[in-house]
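Student: Pasting input_0.txt here (compact mmCIF, C-alpha atoms):
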```
# COMPACT_ATOMS: atom_id res chain seq x y z
CA MET A 1 -1.10 -31.92 44.65
CA THR A 2 -4.66 -31.12 45.76
CA GLU A 3 -7.68 -32.54 43.98
CA SER A 4 -8.62 -29.11 42.60
CA THR A 5 -5.10 -28.61 41.27
CA GLY A 6 -5.32 -32.04 39.72
CA GLU A 7 -8.53 -31.08 37.92
CA SER A 8 -6.94 -27.83 36.75
CA ALA A 9 -3.87 -29.68 35.55
CA SER A 10 -5.89 -31.89 33.25
CA GLN A 11 -7.95 -29.04 31.84
CA ARG A 12 -7.16 -28.31 28.21
CA TYR A 13 -7.14 -24.82 26.69
CA ARG A 14 -6.97 -23.26 23.24
CA ARG A 15 -6.01 -19.80 21.98
CA ARG A 16 -8.87 -17.74 20.57
CA ALA A 17 -8.55 -17.56 16.81
CA GLN A 18 -9.25 -13.85 16.56
CA VAL A 19 -6.41 -12.84 18.88
CA ILE A 20 -3.70 -10.98 16.98
CA GLU A 21 -0.06 -11.59 17.84
CA THR A 22 2.63 -8.96 17.30
CA ASP A 23 6.09 -10.35 17.90
CA LEU A 24 8.53 -7.71 19.13
CA GLY A 25 11.27 -10.23 19.86
CA ALA A 26 11.67 -9.75 23.59
CA GLU A 27 7.90 -9.50 24.00
CA LEU A 28 4.88 -11.02 22.31
CA ILE A 29 1.94 -8.61 22.33
CA LEU A 30 -1.56 -10.12 22.17
CA LEU A 31 -4.54 -8.05 21.08
CA ASP A 32 -8.17 -9.07 20.75
CA PRO A 33 -9.56 -6.49 18.32
CA ALA A 34 -13.14 -7.21 19.39
CA THR A 35 -12.59 -6.45 23.07
CA GLN A 36 -9.41 -4.35 22.84
CA GLN A 37 -7.89 -6.62 25.49
CA MET A 38 -4.10 -6.59 25.36
CA PHE A 39 -1.55 -8.86 27.00
CA THR A 40 2.23 -8.79 26.98
CA LEU A 41 4.15 -12.06 27.26
CA ASN A 42 7.83 -12.66 27.99
CA ALA A 43 9.81 -15.60 26.64
CA THR A 44 8.24 -18.13 29.00
CA GLY A 45 4.77 -16.73 28.43
CA ARG A 46 5.31 -16.92 24.68
CA GLU A 47 6.15 -20.61 25.00
CA VAL A 48 3.01 -21.22 27.05
CA TRP A 49 0.91 -19.26 24.54
CA ARG A 50 2.25 -21.30 21.64
CA ALA A 51 1.41 -24.49 23.52
CA LEU A 52 -2.21 -23.46 24.10
CA ASP A 53 -3.44 -25.48 21.14
CA GLY A 54 -5.79 -27.76 23.04
CA ARG A 55 -3.16 -29.32 25.29
CA ALA A 56 -3.69 -29.89 29.02
CA VAL A 57 -2.03 -27.65 31.58
CA ASP A 58 0.20 -30.45 32.87
CA ASP A 59 1.38 -31.17 29.32
CA ILE A 60 2.22 -27.51 28.87
CA ALA A 61 4.05 -27.47 32.22
CA ALA A 62 6.06 -30.48 31.09
CA HIS A 63 6.96 -28.60 27.91
CA ILE A 64 8.12 -25.62 29.98
CA VAL A 65 10.26 -27.88 32.17
CA ALA A 66 11.85 -29.34 29.04
CA THR A 67 12.49 -25.87 27.57
CA PHE A 68 13.57 -23.78 30.54
CA ASP A 69 15.65 -24.42 33.66
CA VAL A 70 12.70 -24.71 36.03
CA THR A 71 11.23 -27.32 38.34
CA ARG A 72 7.96 -29.09 37.62
CA GLU A 73 6.30 -27.41 40.64
CA VAL A 74 7.32 -23.91 39.60
CA ALA A 75 6.32 -24.55 35.99
CA MET A 76 2.92 -25.86 37.06
CA THR A 77 2.27 -22.84 39.27
CA ASP A 78 3.39 -20.37 36.61
CA VAL A 79 1.46 -22.01 33.78
CA LEU A 80 -1.74 -22.20 35.82
CA SER A 81 -1.40 -18.57 36.86
CA LEU A 82 -0.82 -17.38 33.30
CA VAL A 83 -3.59 -19.49 31.82
CA ASN A 84 -6.05 -18.19 34.39
CA ARG A 85 -5.14 -14.59 33.52
CA LEU A 86 -5.46 -15.33 29.81
CA VAL A 87 -8.88 -16.88 30.42
CA ASP A 88 -9.91 -13.82 32.45
CA ALA A 89 -8.79 -11.64 29.54
CA ARG A 90 -10.85 -13.83 27.20
CA LEU A 91 -7.85 -14.59 25.04
CA VAL A 92 -8.02 -18.34 25.76
CA ASP A 93 -10.93 -20.78 26.01
CA PRO A 94 -11.14 -24.04 27.93
CA VAL A 95 -11.66 -27.06 25.72
CA ASP A 96 -14.50 -29.38 26.75
CA MET B 97 -13.65 -4.40 -22.10
CA VAL B 98 -10.80 -4.92 -19.69
CA ARG B 99 -8.54 -1.96 -19.10
CA HIS B 100 -5.26 -2.03 -17.22
CA VAL B 101 -4.07 0.61 -14.79
CA ALA B 102 -1.24 0.70 -12.26
CA ILE B 103 -2.19 1.89 -8.77
CA LEU B 104 0.72 2.38 -6.38
CA GLY B 105 2.64 -0.03 -8.62
CA ARG B 106 0.00 -2.78 -8.42
CA GLU B 107 -1.46 -3.83 -11.77
CA PHE B 108 -5.24 -3.64 -11.91
CA ALA B 109 -7.30 -5.28 -14.66
CA ILE B 110 -10.67 -3.54 -14.53
CA ASP B 111 -13.82 -4.78 -16.22
CA LEU B 112 -16.70 -2.65 -14.97
CA ARG B 113 -19.81 -1.78 -16.99
CA THR B 114 -22.05 0.12 -14.56
CA PRO B 115 -21.12 3.83 -14.80
CA ALA B 116 -21.61 4.35 -11.06
CA LEU B 117 -18.98 1.69 -10.35
CA GLU B 118 -16.53 3.31 -12.75
CA GLU B 119 -17.13 6.70 -11.11
CA TRP B 120 -16.66 5.22 -7.65
CA PHE B 121 -13.43 3.52 -8.69
CA ALA B 122 -12.02 6.67 -10.27
CA GLN B 123 -12.89 8.78 -7.24
CA ASN B 124 -11.45 6.36 -4.68
CA TRP B 125 -8.53 4.70 -6.41
CA ILE B 126 -7.18 6.82 -9.26
CA PHE B 127 -4.45 9.15 -8.00
CA PRO B 128 -2.13 9.55 -11.01
CA GLU B 129 0.38 11.59 -9.01
CA GLN B 130 1.15 8.50 -6.90
CA ALA B 131 3.18 6.51 -9.44
CA LEU B 132 5.37 3.71 -8.02
CA SER B 133 7.63 1.12 -9.56
CA PRO B 134 5.78 -2.07 -10.59
CA VAL B 135 5.15 -4.66 -7.89
CA PRO B 136 4.44 -8.31 -8.85
CA PHE B 137 0.89 -8.36 -7.54
CA ALA B 138 -2.12 -8.32 -9.88
CA ILE B 139 -5.65 -7.32 -8.90
CA ALA B 140 -8.57 -8.18 -11.19
CA LEU B 141 -11.78 -6.22 -10.63
CA ALA B 142 -14.69 -7.56 -12.67
CA GLU B 143 -18.42 -6.95 -12.80
CA LEU B 144 -20.42 -10.17 -13.15
CA ASP B 145 -23.78 -10.62 -14.89
CA GLY B 146 -25.06 -12.55 -11.88
CA PRO B 147 -23.93 -13.89 -8.53
CA PRO B 148 -21.22 -16.53 -8.28
CA GLU B 149 -22.03 -19.76 -6.47
CA LEU B 150 -22.72 -18.69 -2.88
CA ARG B 151 -21.71 -21.11 -0.15
CA ASP B 152 -22.53 -21.06 3.53
CA GLY B 153 -19.74 -20.17 5.90
CA GLU B 154 -18.81 -18.35 9.05
CA MET B 155 -20.22 -14.81 9.16
CA THR B 156 -17.77 -12.06 10.07
CA HIS B 157 -18.79 -8.57 11.16
CA VAL B 158 -16.76 -5.82 9.48
CA ALA B 159 -16.97 -2.42 11.20
CA LEU B 160 -16.40 0.56 8.92
CA HIS B 161 -16.31 4.32 9.45
CA ARG B 162 -20.00 5.00 8.94
CA THR B 163 -21.50 1.58 8.46
CA SER B 164 -20.86 -2.09 9.01
CA LEU B 165 -20.96 -5.13 6.78
CA GLU B 166 -21.41 -8.85 7.20
CA CYS B 167 -19.35 -11.21 5.13
CA ILE B 168 -18.91 -14.95 4.72
CA ALA B 169 -15.27 -15.42 5.54
CA GLY B 170 -12.84 -18.13 4.55
CA ASP B 171 -9.07 -18.04 4.82
CA ARG B 172 -8.69 -16.42 1.40
CA CYS B 173 -12.24 -15.91 0.10
CA PHE B 174 -14.69 -13.30 1.40
CA THR B 175 -18.24 -12.73 0.19
CA PHE B 176 -20.37 -9.69 0.98
CA GLY B 177 -24.05 -9.43 0.09
CA ASP B 178 -26.42 -12.02 -1.40
CA VAL B 179 -27.72 -13.25 -4.73
CA THR B 180 -29.18 -9.85 -5.60
CA ALA B 181 -26.02 -7.78 -5.07
CA GLY B 182 -22.62 -8.31 -3.57
CA VAL B 183 -18.86 -8.43 -3.73
CA ARG B 184 -16.46 -11.37 -3.54
CA MET B 185 -12.72 -11.23 -3.02
CA GLU B 186 -10.41 -14.19 -3.59
CA LEU B 187 -6.74 -13.95 -2.63
CA ASP B 188 -3.76 -15.98 -3.71
CA ASP B 189 -0.03 -15.46 -3.24
CA HIS B 190 0.37 -13.34 -6.35
CA GLY B 191 -2.80 -11.33 -6.55
CA SER B 192 -6.51 -11.13 -5.96
CA ARG B 193 -9.76 -11.27 -7.85
CA VAL B 194 -12.60 -8.96 -6.82
CA SER B 195 -16.02 -9.66 -8.35
CA VAL B 196 -19.10 -7.47 -8.06
CA TRP B 197 -22.67 -8.19 -9.09
CA GLY B 198 -26.06 -6.48 -8.80
CA ALA B 199 -24.65 -2.95 -9.13
CA SER B 200 -27.43 -1.94 -11.53
CA ASN B 201 -29.74 -1.93 -8.49
CA ALA B 202 -29.19 1.59 -7.16
CA ALA B 203 -30.60 0.68 -3.74
CA SER B 204 -27.60 -1.60 -3.16
CA LEU B 205 -24.91 0.76 -4.34
CA ASN B 206 -23.74 2.23 -1.04
CA ARG B 207 -23.24 -1.20 0.49
CA ILE B 208 -21.52 -2.38 -2.68
CA PHE B 209 -19.19 0.61 -2.56
CA ALA B 210 -18.36 -0.11 1.09
CA ALA B 211 -17.70 -3.79 0.35
CA LEU B 212 -15.61 -2.90 -2.69
CA PHE B 213 -13.46 -0.57 -0.63
CA VAL B 214 -12.87 -3.35 1.90
CA ALA B 215 -12.08 -5.88 -0.84
CA VAL B 216 -9.73 -3.66 -2.84
CA GLY B 217 -8.15 -2.39 0.38
CA GLU B 218 -7.56 -5.97 1.58
CA SER B 219 -5.96 -6.70 -1.78
CA MET B 220 -3.63 -3.73 -1.37
CA ARG B 221 -2.74 -4.94 2.12
CA ALA B 222 -2.02 -8.41 0.74
CA SER B 223 0.34 -6.75 -1.76
CA GLY B 224 2.39 -5.29 1.09
CA LEU B 225 0.94 -1.84 1.74
CA LEU B 226 -0.71 -0.62 4.93
CA PRO B 227 -3.71 1.73 5.05
CA LEU B 228 -2.98 4.58 7.42
CA HIS B 229 -6.08 6.10 9.02
CA GLY B 230 -4.98 9.47 10.23
CA ALA B 231 -3.80 12.90 9.20
CA VAL B 232 -0.29 13.31 7.85
CA VAL B 233 1.73 16.53 7.87
CA VAL B 234 5.20 17.18 6.48
CA ASP B 235 8.07 19.45 7.43
CA HIS B 236 11.79 19.43 6.58
CA ARG B 237 12.28 16.28 8.67
CA GLY B 238 9.70 14.24 6.77
CA ALA B 239 6.16 13.06 7.44
CA THR B 240 4.46 12.92 10.82
CA ALA B 241 1.31 10.80 11.07
CA LEU B 242 -1.32 12.04 13.52
CA VAL B 243 -3.35 9.05 14.69
CA GLY B 244 -5.86 8.39 17.41
CA ARG B 245 -9.46 7.45 17.99
CA SER B 246 -12.25 8.88 15.90
CA ASP B 247 -13.07 12.51 16.73
CA VAL B 248 -10.00 12.97 18.95
CA GLY B 249 -8.98 15.97 16.84
CA LYS B 250 -6.76 14.70 14.01
CA SER B 251 -8.11 17.15 11.43
CA THR B 252 -7.99 20.07 13.84
CA THR B 253 -4.40 19.20 14.71
CA LEU B 254 -3.58 19.06 11.02
CA TRP B 255 -4.94 22.60 10.57
CA ARG B 256 -3.00 23.80 13.62
CA ALA B 257 0.15 22.22 12.16
CA MET B 258 -0.51 23.99 8.85
CA GLN B 259 -0.74 27.29 10.70
CA ALA B 260 2.68 26.47 12.16
CA GLY B 261 4.14 25.97 8.69
CA TRP B 262 3.66 22.26 8.05
CA ALA B 263 2.38 21.02 4.68
CA PRO B 264 -0.65 18.72 4.59
CA LEU B 265 -0.19 15.28 3.01
CA ALA B 266 -3.44 13.58 4.03
CA GLU B 267 -6.41 14.60 6.10
CA ASP B 268 -7.64 11.16 7.07
CA PHE B 269 -6.27 8.42 4.82
CA ALA B 270 -2.96 7.45 3.24
CA TRP B 271 -1.13 4.31 2.14
CA LEU B 272 2.15 3.38 3.81
CA ASP B 273 4.88 1.19 2.37
CA PRO B 274 6.28 -0.41 5.54
CA VAL B 275 9.53 -1.32 3.79
CA THR B 276 10.47 2.08 2.39
CA LEU B 277 8.43 4.05 4.98
CA MET B 278 7.04 6.17 2.15
CA VAL B 279 3.52 7.42 2.82
CA TYR B 280 1.17 8.36 -0.04
CA GLY B 281 -1.76 10.72 0.45
CA TRP B 282 -5.04 9.13 -0.57
CA ASP B 283 -7.57 11.90 -0.33
CA ARG B 284 -8.28 14.95 -2.41
CA GLY B 285 -8.54 17.80 0.04
CA LEU B 286 -9.29 19.01 3.54
CA ARG B 287 -12.60 19.29 5.39
CA LEU B 288 -13.53 21.56 8.21
CA THR B 289 -16.60 22.90 9.92
CA ALA B 290 -17.78 26.48 9.43
CA ASP B 291 -16.51 27.33 12.92
CA SER B 292 -13.13 25.78 12.18
CA ARG B 293 -12.90 27.75 8.94
CA THR B 294 -13.25 30.97 10.94
CA ARG B 295 -10.53 29.78 13.29
CA PHE B 296 -8.03 28.19 10.91
CA ALA B 297 -8.66 29.47 7.38
CA PRO B 298 -10.30 32.92 7.55
CA GLU B 299 -8.12 34.14 4.70
CA VAL B 300 -9.33 31.46 2.28
CA PRO B 301 -12.22 32.86 0.19
CA MET B 302 -15.50 31.04 0.75
CA GLU B 303 -15.89 30.35 -2.96
CA ARG B 304 -12.90 27.99 -2.81
CA PHE B 305 -14.87 25.66 -0.54
CA ARG B 306 -17.69 23.34 -1.54
CA PRO B 307 -20.09 21.53 0.77
CA ASP B 308 -19.10 17.98 1.69
CA ASP B 309 -21.46 15.02 2.09
CA ASP B 310 -21.34 15.23 5.90
CA GLY B 311 -22.13 18.95 6.12
CA LYS B 312 -18.53 20.13 6.42
CA LEU B 313 -16.72 22.45 4.05
CA PHE B 314 -14.35 20.80 1.59
CA LEU B 315 -11.22 22.49 0.27
CA SER B 316 -9.46 20.60 -2.49
CA TYR B 317 -5.68 20.51 -2.27
CA ASP B 318 -5.33 22.69 -5.38
CA GLN B 319 -7.32 25.39 -3.57
CA VAL B 320 -5.34 25.33 -0.32
CA GLY B 321 -3.07 28.12 -1.49
CA GLY B 322 0.08 26.83 0.18
CA VAL B 323 2.49 23.97 -0.12
CA VAL B 324 0.83 20.54 -0.28
CA ALA B 325 2.80 17.29 -0.06
CA ARG B 326 1.49 14.15 -1.75
CA SER B 327 4.16 11.71 -0.57
CA ALA B 328 7.01 11.73 1.93
CA ALA B 329 9.06 9.43 4.14
CA LEU B 330 7.38 8.71 7.49
CA THR B 331 9.65 9.82 10.31
CA ARG B 332 7.31 9.89 13.30
CA VAL B 333 3.89 8.83 14.56
CA VAL B 334 2.04 10.96 17.09
CA VAL B 335 -0.82 9.36 19.00
CA LEU B 336 -3.33 12.07 19.86
CA GLU B 337 -5.16 11.83 23.18
CA ARG B 338 -7.62 14.13 24.84
CA ASP B 339 -8.91 12.36 27.97
CA ALA B 340 -7.55 13.72 31.21
CA ILE B 341 -7.15 10.21 32.50
CA SER B 342 -4.63 9.41 29.78
CA ARG B 343 -2.51 12.52 30.34
CA GLY B 344 0.99 11.39 30.94
CA ASP B 345 4.44 10.89 29.60
CA ALA B 346 4.98 11.36 25.87
CA ALA B 347 6.69 7.98 25.74
CA LEU B 348 4.55 4.97 24.91
CA SER B 349 5.09 1.44 26.14
CA ALA B 350 5.65 -1.27 23.55
CA SER B 351 2.09 -2.52 23.92
CA GLU B 352 0.71 1.02 23.59
CA MET B 353 2.66 1.46 20.36
CA VAL B 354 1.39 -1.86 19.05
CA ARG B 355 -2.20 -0.89 19.89
CA ALA B 356 -1.77 2.52 18.21
CA TRP B 357 -0.43 0.92 15.05
CA TRP B 358 -3.22 -1.65 14.85
CA GLU B 359 -5.81 1.08 15.39
CA ALA B 360 -4.20 3.17 12.67
CA VAL B 361 -3.96 0.43 10.04
CA GLY B 362 -7.00 -1.66 10.97
CA VAL B 363 -7.31 -5.43 11.19
CA PRO B 364 -7.36 -7.31 7.87
CA LEU B 365 -9.94 -9.97 7.10
CA SER B 366 -7.64 -12.77 6.01
CA PRO B 367 -5.45 -14.58 8.55
CA VAL B 368 -2.70 -14.64 5.93
CA VAL B 369 -2.83 -10.86 5.63
CA VAL B 370 -3.11 -10.42 9.41
CA ALA B 371 0.18 -12.30 9.80
CA ARG B 372 1.81 -10.13 7.17
CA VAL B 373 0.56 -6.89 8.75
CA SER B 374 1.61 -8.12 12.20
CA GLY B 375 5.17 -8.58 10.97
CA ALA B 376 5.11 -5.13 9.41
CA ILE B 377 3.87 -3.54 12.64
CA ALA B 378 6.58 -5.27 14.67
CA SER B 379 9.12 -3.73 12.33
CA LEU B 380 7.48 -0.30 12.38
CA VAL B 381 7.42 -0.21 16.19
CA ARG B 382 11.20 -0.61 16.13
CA ARG B 383 11.87 1.78 13.24
CA VAL B 384 9.42 4.68 13.56
CA PRO B 385 9.50 6.86 16.69
CA THR B 386 6.01 6.87 18.16
CA GLN B 387 4.93 9.25 20.89
CA ARG B 388 1.85 10.49 22.70
CA LEU B 389 0.55 14.06 22.38
CA HIS B 390 -2.10 15.24 24.80
CA LEU B 391 -4.27 17.83 23.09
CA ASP B 392 -5.24 20.95 24.94
CA ASP B 393 -5.58 24.64 24.15
CA GLY B 394 -1.87 25.41 24.44
CA PRO B 395 0.71 25.60 21.67
CA LEU B 396 0.89 22.55 19.47
CA ALA B 397 3.88 20.61 20.76
CA LEU B 398 4.93 19.00 17.51
```
Show me the file's structure as structure tokens.
Tutor:
Amino acid sequence: MTESTGESASQRYRRRAQVIETDLGAELILLDPATQQMFTLNATGREVWRALDGRAVDDIAAHIVATFDVTREVAMTDVLSLVNRLVDARLVDPVD
Amino acid sequence: MVRHVAILGREFAIDLRTPALEEWFAQNWIFPEQALSPVPFAIALAELDGPPELRDGEMTHVALHRTSLECIAGDRCFTFGDVTAGVRMELDDHGSRVSVWGASNAASLNRIFAALFVAVGESMRASGLLPLHGAVVVDHRGATALVGRSDVGKSTTLWRAMQAGWAPLAEDFAWLDPVTLMVYGWDRGLRLTADSRTRFAPEVPMERFRPDDDGKLFLSYDQVGGVVARSAALTRVVVLERDAISRGDAALSASEMVRAWWEAVGVPLSPVVVARVSGAIASLVRRVPTQRLHLDDGPLAL
């Protein structure tokens, strides 16, 4: 693991309170009414979203490993990718 | 003196003394033709002699059709205004209490009316209903809601549908019961511009119209001269679009349907009510066919 990945792994994130969730079963639709940003999550994404309560990325990846049949490396890559996209969409904030 | 009235099955206890408040309430909330079975949710609406204790809190911006309001928001308590005039709404699991003060100051009335509409509307949402911002037309299959962004052409489409034999149910606002799918018209007539009258209603005598507040012509439902529906089962939602960039398949993706529903019903203030509405929308997306209709000058493809 590179140093930058290590820093990213320890970064904690939290869902924005104003984001509205609509649970369609197979998909979880996120909508920020202020920005009109929307995001669609599958089952794995839903689990990551639920875990974005101030936890660190590596803790969330560990949760994904425990929940789905996936390796730690794959989980880490997927969680980081999703969190970065959620941050870009301003649906998630880093926690200082 | 407190008087009791049932509105869409919800029991209201009303204690208002300022005549302008009574007139506003009657105009916006009394629709005797919309009688439903009683629902165990009580709404108390009371005029206070002075402001309640006002506490600091997080300010929330509430965007409305023609104005906007600021309110101090808690999970279940929302306060609009200040010590001179304002509205407070407090929710619990079985009802709500809406308090208003300072209404004798005429300069504050329009903002009080706007805040009252938000507060009473939030109470109705908390009771299980959804406000439906859009036009609604009815044919033998049931009700079709025409939704879309402001000024996309909902009213014009309603008039075009009427020309094609549909009955109007609402021009821009109705209440929807997401369990029964019944939709209840919540306006008193149709508006159109002078140009639109020439196009859509040239046979309606001018004396049946009266000027509306925004410069349009208003035609009350009892003057329409054709069949008018006041309630019907919702069978379809049509999302109106006009931009060339959005021209495409009539089918909507799941996220597009979710967005259309949230835009049509609006976002509640209270997180508790947001969760309730979210569950209702998830159910509606599965149960009510929702499609896109690109508006152009051709025949109305309804």
Student: Can you tell me which residues surround Ala376 (chain B) at a distance of at most 9 Å, considering all atoms listed in the file, apart from same-chain residues fewer than 4 positions away, and format the answer as a CSV table (one decimal) with C-alpha atoms, keeping the file's coordinate frame?
Tutor:
```
chain,number,residue,atom,x,y,z
B,224,GLY,CA,2.4,-5.3,1.1
B,226,LEU,CA,-0.7,-0.6,4.9
B,274,PRO,CA,6.3,-0.4,5.5
B,275,VAL,CA,9.5,-1.3,3.8
B,371,ALA,CA,0.2,-12.3,9.8
B,372,ARG,CA,1.8,-10.1,7.2
B,380,LEU,CA,7.5,-0.3,12.4
B,381,VAL,CA,7.4,-0.2,16.2
```
Student: Please, which residues are within 10 Å of (-29.2, -12.4, -5.5) by the file's coordinates, counting all atoms listed in the file, and could they come as a list in words?
Tutor: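 The requested residues, written out, are Gly146, Pro147, Pro148, Leu150, Gly177, Asp178, Val179, Thr180, Ala181, Gly182, Trp197 and Gly198 of chain B.
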Student: Just need the residues of chain B within 9 Å of chain A, counting all atoms listed in the file, so spit them out as a list in words.
Tutor: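 On the chain B side, the interface is Ala350, Ser351, Val354, Arg355, Trp358, Glu359, Val363, Pro367, Val370, Ala371, Ser374, Gly375, Ile377, Ala378, Ser379, Val381 and Arg382 of chain B.
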Student: Contacts of Phe314 (chain B) at 12 Å or less, counting only C-alpha atoms, minus same-chain residues fewer than 5 places along, as a list of chain:residue names?
Tutor: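 The filter keeps B:Glu267, B:Asp283, B:Arg284, B:Gly285, B:Leu286, B:Arg287, B:Leu288, B:Thr289, B:Ala290, B:Ser292, B:Arg293, B:Ala297, B:Val300, B:Met302, B:Glu303, B:Arg304, B:Phe305, B:Arg306, B:Pro307, B:Asp308, B:Asp309, B:Gln319, B:Val320.
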Student: Separation of CA of Val333 (chain B) and CA of Val384 (chain B), in Å?
Tutor: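 A separation of 7.0 Å between them.
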Student: So which residues are close to (-20.7, 2.1, -7.1), meaning at most 7 Å away in the file's coordinates with all atoms listed in the file counted, and can you show them as a list of chain:residue names?
Tutor: B:Ala116, B:Leu117, B:Trp120, B:Ala199, B:Leu205, B:Asn206, B:Ile208, B:Phe209
Student: Could you dump the residues just selected with C-alpha atoms as a tab-separated table (two decimals), in the coordinates of the input?
Tutor:
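Saved as selection16.tsv:
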```tsv
chain	number	residue	atom	x	y	z
B	116	ALA	CA	-21.61	4.35	-11.06
B	117	LEU	CA	-18.98	1.69	-10.35
B	120	TRP	CA	-16.66	5.22	-7.65
B	199	ALA	CA	-24.65	-2.95	-9.13
B	205	LEU	CA	-24.91	0.76	-4.34
B	206	ASN	CA	-23.74	2.23	-1.04
B	208	ILE	CA	-21.52	-2.38	-2.68
B	209	PHE	CA	-19.19	0.61	-2.56
```
Student: As an exercise, work out the distance from CA of Val158 (chain B) to CA of Val183 (chain B) in Å and give it to one decimal place.
Tutor: 13.6 Å
Student: Name the closest residue to Ala257 (chain B) among the candidates B:Phe174, B:Leu398, B:Arg245, B:Leu315; distances are taken between atoms, counting only C-alpha atoms.
Tutor: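 Among the listed residues, the smallest separation from Ala257 (chain B) belongs to B:Leu398.
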